[in-house]
$ cat final-v3.txt   # compact mmCIF, C-alpha atoms
# COMPACT_ATOMS: atom_id res chain seq x y z
CA GLU A 1 1.41 -6.30 1.11
CA THR A 2 -0.64 -5.28 4.18
CA ILE A 3 0.66 -1.72 3.98
CA ASN A 4 -0.30 -1.58 0.29
CA LEU A 5 -3.84 -2.70 1.08
CA GLU A 6 -4.20 -0.02 3.75
CA LEU A 7 -3.05 2.62 1.28
CA ILE A 8 -5.42 1.25 -1.40
CA PHE A 9 -8.35 1.44 1.03
CA ALA A 10 -7.44 5.02 1.89
CA ASP A 11 -7.32 5.95 -1.82
CA MET A 12 -10.66 4.22 -2.45
CA GLU A 13 -12.23 6.41 0.22
CA THR A 14 -10.70 9.51 -1.38
CA ILE A 15 -11.95 8.50 -4.85
CA GLU A 16 -15.47 7.81 -3.55
CA LYS A 17 -15.66 11.29 -2.01
CA ARG A 18 -14.41 12.92 -5.21
CA LEU A 19 -16.89 10.91 -7.29
CA GLU A 20 -19.80 11.90 -5.07
CA ARG A 21 -18.86 15.57 -5.42
CA ALA A 22 -18.28 15.35 -9.20
CA ARG A 23 -21.63 13.61 -9.80
CA LYS A 24 -23.46 16.42 -8.00
CA LEU A 25 -21.63 19.08 -10.00
CA LEU A 26 -22.28 17.21 -13.27
CA LYS A 27 -25.94 18.22 -13.13
CA ALA A 28 -24.92 21.86 -13.53
CA ASP A 29 -21.82 21.43 -15.71
CA LYS A 30 -21.07 18.60 -18.18
CA LYS A 31 -17.30 19.24 -17.95
CA TYR A 32 -17.24 17.08 -14.79
CA GLN A 33 -17.93 13.97 -16.90
CA PHE A 34 -14.22 13.69 -17.73
CA GLU A 35 -13.35 13.87 -14.03
CA ILE A 36 -15.89 11.13 -13.27
CA ASP A 37 -14.50 8.91 -16.07
CA THR A 38 -10.94 9.38 -14.77
CA LEU A 39 -11.93 8.64 -11.16
CA GLU A 40 -13.89 5.54 -12.23
CA LYS A 41 -10.82 4.32 -14.13
CA VAL A 42 -8.72 4.56 -10.95
CA LYS A 43 -11.48 3.10 -8.78
CA GLU A 44 -11.58 -0.07 -10.91
CA VAL A 45 -7.84 -0.62 -10.46
CA LEU A 46 -8.05 -0.02 -6.70
CA ASN A 47 -11.00 -2.43 -6.42
CA ASN A 48 -8.75 -5.09 -7.99
CA GLY A 49 -6.24 -4.58 -5.17
CA LYS A 50 -3.72 -2.75 -7.34
CA CYS A 51 -2.01 0.59 -6.82
CA ALA A 52 -3.04 3.64 -8.83
CA ARG A 53 0.50 3.99 -10.21
CA THR A 54 0.07 0.78 -12.23
CA LEU A 55 -2.01 2.73 -14.76
CA ASP A 56 -0.80 5.02 -17.53
CA TYR A 57 -2.38 8.48 -17.49
CA THR A 58 -2.76 11.25 -20.03
CA ASP A 59 -1.67 14.76 -19.05
CA GLU A 60 -5.35 15.71 -18.66
CA GLU A 61 -6.00 12.76 -16.33
CA LYS A 62 -2.91 13.59 -14.27
CA GLU A 63 -4.24 17.12 -13.85
CA VAL A 64 -7.58 15.77 -12.57
CA LEU A 65 -5.87 13.41 -10.10
CA LYS A 66 -3.36 15.98 -8.85
CA GLU A 67 -5.85 17.41 -6.36
CA SER A 68 -6.76 13.97 -5.01
CA PHE A 69 -3.32 13.43 -3.42
CA LEU A 70 -3.58 9.66 -3.90
CA LEU A 71 -1.13 7.63 -1.85
CA THR A 72 -0.75 4.70 -4.24
CA ILE A 73 -0.03 6.92 -7.24
CA LYS A 74 3.24 8.08 -5.69
CA PRO A 75 6.41 6.49 -7.13
CA VAL A 76 8.01 3.78 -4.98
CA LEU A 77 11.61 2.59 -4.81
CA TYR A 78 12.36 -0.67 -2.99
CA VAL A 79 15.85 -1.23 -1.56
CA ALA A 80 16.97 -4.87 -1.54
CA ASN A 81 19.61 -5.38 1.15
CA VAL A 82 22.14 -8.06 0.17
CA SER A 83 25.32 -9.40 1.77
CA GLU A 84 28.83 -8.29 0.79
CA ASN A 85 29.39 -11.52 -1.13
CA GLU A 86 26.14 -11.18 -3.05
CA LEU A 87 26.49 -7.53 -4.05
CA GLU A 88 28.52 -8.10 -7.23
CA CYS A 89 25.93 -10.50 -8.66
CA ALA A 90 22.89 -9.04 -6.90
CA ASP A 91 20.78 -8.97 -10.08
CA ASN A 92 20.94 -12.77 -10.18
CA ASN A 93 20.11 -13.17 -6.50
CA GLU A 94 16.93 -15.23 -6.05
CA ASN A 95 15.49 -12.92 -3.39
CA VAL A 96 16.33 -9.76 -5.37
CA ILE A 97 14.60 -11.27 -8.41
CA ARG A 98 11.50 -11.93 -6.26
CA VAL A 99 11.48 -8.32 -5.05
CA LYS A 100 11.83 -7.08 -8.65
CA GLU A 101 8.96 -9.30 -9.80
CA PHE A 102 6.75 -7.95 -7.00
CA ALA A 103 7.77 -4.35 -7.72
CA LYS A 104 6.99 -4.81 -11.40
CA THR A 105 3.37 -5.70 -10.59
CA GLU A 106 2.86 -2.33 -8.95
CA GLY A 107 4.99 -0.11 -11.17
CA ALA A 108 7.77 0.33 -8.61
CA GLU A 109 11.58 0.30 -8.94
CA VAL A 110 14.21 -1.78 -7.11
CA ILE A 111 17.83 -1.09 -6.27
CA PRO A 112 20.05 -3.68 -4.53
CA LEU A 113 22.71 -2.52 -2.06
CA CYS A 114 24.63 -3.80 0.94
CA VAL A 115 23.78 -1.78 4.06
CA LYS A 116 26.85 -3.13 5.89
CA ILE A 117 29.19 -1.79 3.18
CA GLU A 118 27.35 1.53 3.13
CA GLU A 119 27.81 1.83 6.88
CA GLU A 120 31.56 1.20 6.53
CA LEU A 121 31.86 3.71 3.67
CA SER A 122 30.03 6.41 5.62
CA VAL A 123 32.84 6.78 8.18
CA LEU A 124 35.72 6.87 5.67
CA GLU A 125 37.46 9.90 4.20
CA LYS A 126 37.08 10.54 0.46
CA ASP A 127 40.35 8.82 -0.59
CA GLU A 128 39.78 5.83 1.67
CA LYS A 129 36.23 5.52 0.42
CA GLN A 130 37.44 5.43 -3.19
CA GLU A 131 40.04 2.78 -2.34
CA MET A 132 37.40 0.59 -0.71
CA LEU A 133 35.04 0.96 -3.69
CA GLU A 134 37.84 -0.04 -6.08
CA ALA A 135 38.73 -3.03 -3.91
CA LEU A 136 35.10 -4.14 -4.06
CA GLY A 137 34.98 -3.61 -7.83
CA LEU A 138 32.34 -0.87 -7.54
CA ASP A 139 32.16 2.37 -9.52
CA GLU A 140 30.09 4.19 -6.92
CA SER A 141 28.49 3.67 -3.54
CA GLY A 142 25.01 2.27 -3.11
CA LEU A 143 23.95 5.58 -1.58
CA ASP A 144 24.94 7.42 -4.78
CA LYS A 145 22.98 4.87 -6.82
CA LEU A 146 20.00 5.30 -4.50
CA ILE A 147 20.05 9.09 -4.90
CA LYS A 148 20.29 8.84 -8.71
CA ALA A 149 17.49 6.26 -8.85
CA SER A 150 15.30 8.44 -6.60
CA TYR A 151 15.86 11.51 -8.77
CA LYS A 152 15.06 9.52 -11.92
CA LEU A 153 11.90 8.10 -10.37
CA LEU A 154 10.72 11.57 -9.39
CA GLY A 155 11.63 13.04 -12.79
CA LEU A 156 14.17 15.40 -11.26
CA MET A 157 17.67 16.57 -12.13
CA SER A 158 20.20 19.05 -10.77
CA PHE A 159 22.07 21.98 -12.26
CA LEU A 160 25.02 23.76 -10.70
CA THR A 161 25.87 27.41 -10.25
CA ALA A 162 29.48 28.31 -9.55
CA GLY A 163 30.90 31.53 -8.17
CA GLU A 164 31.58 33.44 -5.00
CA PRO A 165 30.83 32.56 -2.30
CA GLU A 166 29.76 28.99 -3.20
CA VAL A 167 29.03 26.26 -5.73
CA ARG A 168 25.42 25.20 -5.35
CA ALA A 169 23.15 22.48 -6.78
CA TRP A 170 19.56 23.34 -7.70
CA THR A 171 16.86 20.72 -8.19
CA ILE A 172 14.54 21.05 -11.20
CA LYS A 173 12.17 18.80 -13.14
CA ILE A 174 13.69 17.04 -16.17
CA GLY A 175 12.87 19.03 -19.30
CA THR A 176 12.78 22.42 -17.56
CA LYS A 177 13.96 25.18 -19.90
CA ALA A 178 16.98 27.30 -18.92
CA PRO A 179 15.00 30.50 -18.14
CA GLN A 180 12.66 28.62 -15.78
CA ALA A 181 15.63 26.84 -14.21
CA ALA A 182 17.20 30.25 -13.61
CA GLY A 183 13.96 31.27 -11.93
CA LYS A 184 14.72 28.67 -9.27
CA ILE A 185 17.58 30.90 -8.18
CA HIS A 186 15.62 34.17 -8.35
CA SER A 187 12.60 35.40 -10.28
CA ASP A 188 14.60 38.45 -11.46
CA ILE A 189 17.10 36.15 -13.20
CA GLU A 190 14.28 34.44 -15.11
CA ARG A 191 12.78 37.77 -16.20
CA GLY A 192 16.13 39.13 -17.37
CA PHE A 193 17.42 35.84 -18.79
CA ILE A 194 19.85 36.21 -21.72
CA LYS A 195 21.65 32.90 -22.29
CA ALA A 196 22.97 29.74 -20.66
CA GLU A 197 26.43 28.24 -20.93
CA VAL A 198 26.38 24.49 -20.32
CA VAL A 199 29.57 22.68 -19.22
CA SER A 200 30.21 19.19 -17.87
CA TYR A 201 30.93 18.71 -14.18
CA THR A 202 34.44 17.48 -15.00
CA ASP A 203 35.27 20.63 -16.99
CA LEU A 204 33.85 22.78 -14.20
CA ILE A 205 36.10 21.10 -11.64
$ encode --input "final-v3.txt" --output "structure tokens"
Amino acid sequence: ETINLELIFADMETIEKRLERARKLLKADKKYQFEIDTLEKVKEVLNNGKCARTLDYTDEEKEVLKESFLLTIKPVLYVANVSENELECADNNENVIRVKEFAKTEGAEVIPLCVKIEEELSVLEKDEKQEMLEALGLDESGLDKLIKASYKLLGLMSFLTAGEPEVRAWTIKIGTKAPQAAGKIHSDIERGFIKAEVVSYTDLI
């Protein structure tokens, strides 16, 4: 809570500086009125002790706020550490529920995992790791869940390229078209893009 308040105060200072600048520029150009309205909207939320991410923004408002680099507009993922015995029914855990309720008030996400189990899994070979997961009744490790949740929160996804000398994963924003995704590899590939063949990971393996 204290950390949140410090971040809110920092954002309030940023907003005030942007507002001061925008109000001066408004005298010469009326287009700055939209920027002022957007900044005032965020300022009101911050003044109420809430994070900027608790608001919904239009694409135009997001564009205005992009240059402000607000700290409380960044997505947040809380990790709730539970015991081995509590992992299977973590969603019903009283403390996890409290963390989720708090996270909901500030537009954040929560993922429960057991750090002790993750530590044990980290030193095992692939086969042993799978055996341990099955014994615990888990489909995947908490680390895998954390990575997936982080990607989702950031609006990211991966695509794979296979060939000599390697198979490689490339990170792109969800909704990126194939030519632009190809541009992640090299700009020449985007310019000369012809087609994409999409296959599942299982088929690729």
$ residues_around --input "final-v3.txt" --residues "stretch 134-142 of chain A" --least-positions-apart "4" --cutoff "9 Å" --atoms "only C-alpha atoms" --output "MDAnalysis selection string"
chainID A and resid 84 88 111:115 117:118 121 129:130 146:147
$ residues_around --input "final-v3.txt" --residues "A:Gly175" --least-positions-apart "6" --cutoff "10 Å" --atoms "all atoms listed in the file" --output "list in words"
Gly155, Leu156, Met157 and Ala181 of chain A
$ write_last_selection --input "final-v3.txt" --atoms "C-alpha atoms" --output "mmCIF file, keeping the file's coordinate frame"
data_model
loop_
_atom_site.group_PDB
_atom_site.id
_atom_site.type_symbol
_atom_site.label_atom_id
_atom_site.label_comp_id
_atom_site.auth_asym_id
_atom_site.auth_seq_id
_atom_site.Cartn_x
_atom_site.Cartn_y
_atom_site.Cartn_z
ATOM 1 C CA GLY A 155 11.630 13.040 -12.790
ATOM 2 C CA LEU A 156 14.170 15.400 -11.260
ATOM 3 C CA MET A 157 17.670 16.570 -12.130
ATOM 4 C CA ALA A 181 15.630 26.840 -14.210
#
$ residues_around --input "final-v3.txt" --residues "stretch 54-58 of chain A" --least-positions-apart "2" --cutoff "6 Å" --atoms "only C-alpha atoms" --output "CSV table (one decimal) with C-alpha atoms, in the frame of the given file"
chain,number,residue,atom,x,y,z
A,51,CYS,CA,-2.0,0.6,-6.8
A,52,ALA,CA,-3.0,3.6,-8.8
A,60,GLU,CA,-5.4,15.7,-18.7
A,61,GLU,CA,-6.0,12.8,-16.3
A,106,GLU,CA,2.9,-2.3,-9.0
A,107,GLY,CA,5.0,-0.1,-11.2
$ atom_distance --input "final-v3.txt" --atom1 "atom CA of A:Ser68" --atom2 "atom CA of A:Lys17"
9.8 Å
$ closest_residue --input "final-v3.txt" --among "A:Glu109, A:Glu164, A:Glu197, A:Asp37" --to "A:Ser150" --atoms "all atoms listed in the file"
A:Glu109
